[in-house]
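Encoded as structure tokens, the structure appears first; notes follow it.
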Amino acid sequence: MSRYIFEQLDTANQALRENLHRNDLDSTARAHMERALAHVREAYIATNEIGKARSVERLVSDLEKVNHIVAKVHRREKATATTRPIRI
């Protein structure tokens, strides 16, 4: 049974990764696929290493924290990218 589950998870992983390489994806669809990929990977851990996977709530919380940090970094980069006039 586990072998079948791993095969299905691998298929889902490959399909999601292929779709994420597309340039014509809507940003909402991309966000859903990125989240789905994280869930598929965590499901692989839950199946392969009993007791070592995060709960769904913990995974979502961790993903939200990462998104928050990435957004913060982007804001900082945007703020430092602003050019200041040079006084001569």
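The chains in the structure tokens are called A, B, ... from first to last as shown; in each chain the residues are counted from 1, and the ligands are counted from 1 in the order shown.
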
**Item:** Arg35 (chain A) surroundings by only C-alpha atoms, 12 Å radius, close-in-sequence under 6 positions cut, as a PyMOL selection string
**Value:** chain A and resi 13+16-17+20+28-29+41-42+56+59-64+66-67

**Message:** With DSSP run on the backbone, what are the helix (DSSP H, G or I) residues within chain A? I'd like them as a ChimeraX atom specification.
**Reply:** /A:2-20,27-48,56-80

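For the atom pair formed by CA of Ala38 (chain A) and CA of Ala15 (chain A), the distance is 13.1 Å, given to one decimal.
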
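Coordinates place CA of His32 (chain A) at a distance of 13.5 Å from CA of Ala12 (chain A).
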
Excluding Gln14 (chain A) and any residue of its chain fewer than 4 positions from it, enumerate the residues within 12 Å of it, using only C-alpha atoms, and give them as a PDB file with N, CA and C atoms, in the first residue's frame.
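Wrote part16.pdb, looks like this:
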```pdb
ATOM      1  N   GLU A   7       4.019   6.404  -5.071  1.00  0.00           N
ATOM      2  CA  GLU A   7       3.919   6.629  -6.514  1.00  0.00           C
ATOM      3  C   GLU A   7       2.940   7.761  -6.817  1.00  0.00           C
ATOM      4  N   GLN A   8       1.811   7.772  -6.137  1.00  0.00           N
ATOM      5  CA  GLN A   8       0.820   8.820  -6.340  1.00  0.00           C
ATOM      6  C   GLN A   8       1.356  10.185  -5.891  1.00  0.00           C
ATOM      7  N   LEU A   9       2.042  10.203  -4.769  1.00  0.00           N
ATOM      8  CA  LEU A   9       2.627  11.452  -4.286  1.00  0.00           C
ATOM      9  C   LEU A   9       3.719  11.952  -5.233  1.00  0.00           C
ATOM     10  N   ASP A  10       4.522  11.033  -5.767  1.00  0.00           N
ATOM     11  CA  ASP A  10       5.548  11.422  -6.736  1.00  0.00           C
ATOM     12  C   ASP A  10       4.918  12.000  -8.002  1.00  0.00           C
ATOM     13  N   GLU A  18       6.007  20.795 -12.619  1.00  0.00           N
ATOM     14  CA  GLU A  18       5.943  21.141 -14.044  1.00  0.00           C
ATOM     15  C   GLU A  18       5.066  22.364 -14.262  1.00  0.00           C
ATOM     16  N   ASN A  19       3.922  22.400 -13.592  1.00  0.00           N
ATOM     17  CA  ASN A  19       3.013  23.531 -13.745  1.00  0.00           C
ATOM     18  C   ASN A  19       3.626  24.829 -13.231  1.00  0.00           C
ATOM     19  N   LEU A  20       4.423  24.748 -12.184  1.00  0.00           N
ATOM     20  CA  LEU A  20       5.034  25.951 -11.628  1.00  0.00           C
ATOM     21  C   LEU A  20       6.084  26.557 -12.557  1.00  0.00           C
ATOM     22  N   HIS A  21       6.557  25.791 -13.529  1.00  0.00           N
ATOM     23  CA  HIS A  21       7.520  26.314 -14.509  1.00  0.00           C
ATOM     24  C   HIS A  21       6.841  27.071 -15.640  1.00  0.00           C
ATOM     25  N   MET A  33      -0.849  26.183  -6.175  1.00  0.00           N
ATOM     26  CA  MET A  33       0.036  25.067  -6.537  1.00  0.00           C
ATOM     27  C   MET A  33       1.259  25.006  -5.632  1.00  0.00           C
ATOM     28  N   ALA A  36      -0.023  23.540  -2.474  1.00  0.00           N
ATOM     29  CA  ALA A  36      -0.305  22.118  -2.685  1.00  0.00           C
ATOM     30  C   ALA A  36       0.989  21.308  -2.698  1.00  0.00           C
ATOM     31  N   LEU A  37       2.035  21.858  -3.314  1.00  0.00           N
ATOM     32  CA  LEU A  37       3.320  21.171  -3.359  1.00  0.00           C
ATOM     33  C   LEU A  37       3.875  20.978  -1.949  1.00  0.00           C
ATOM     34  N   VAL A  40       1.911  18.148  -0.415  1.00  0.00           N
ATOM     35  CA  VAL A  40       2.303  16.845  -0.988  1.00  0.00           C
ATOM     36  C   VAL A  40       3.620  16.388  -0.368  1.00  0.00           C
ATOM     37  N   ARG A  41       4.563  17.301  -0.250  1.00  0.00           N
ATOM     38  CA  ARG A  41       5.861  16.938   0.347  1.00  0.00           C
ATOM     39  C   ARG A  41       5.703  16.525   1.805  1.00  0.00           C
TER      40      ARG A  41
END
```
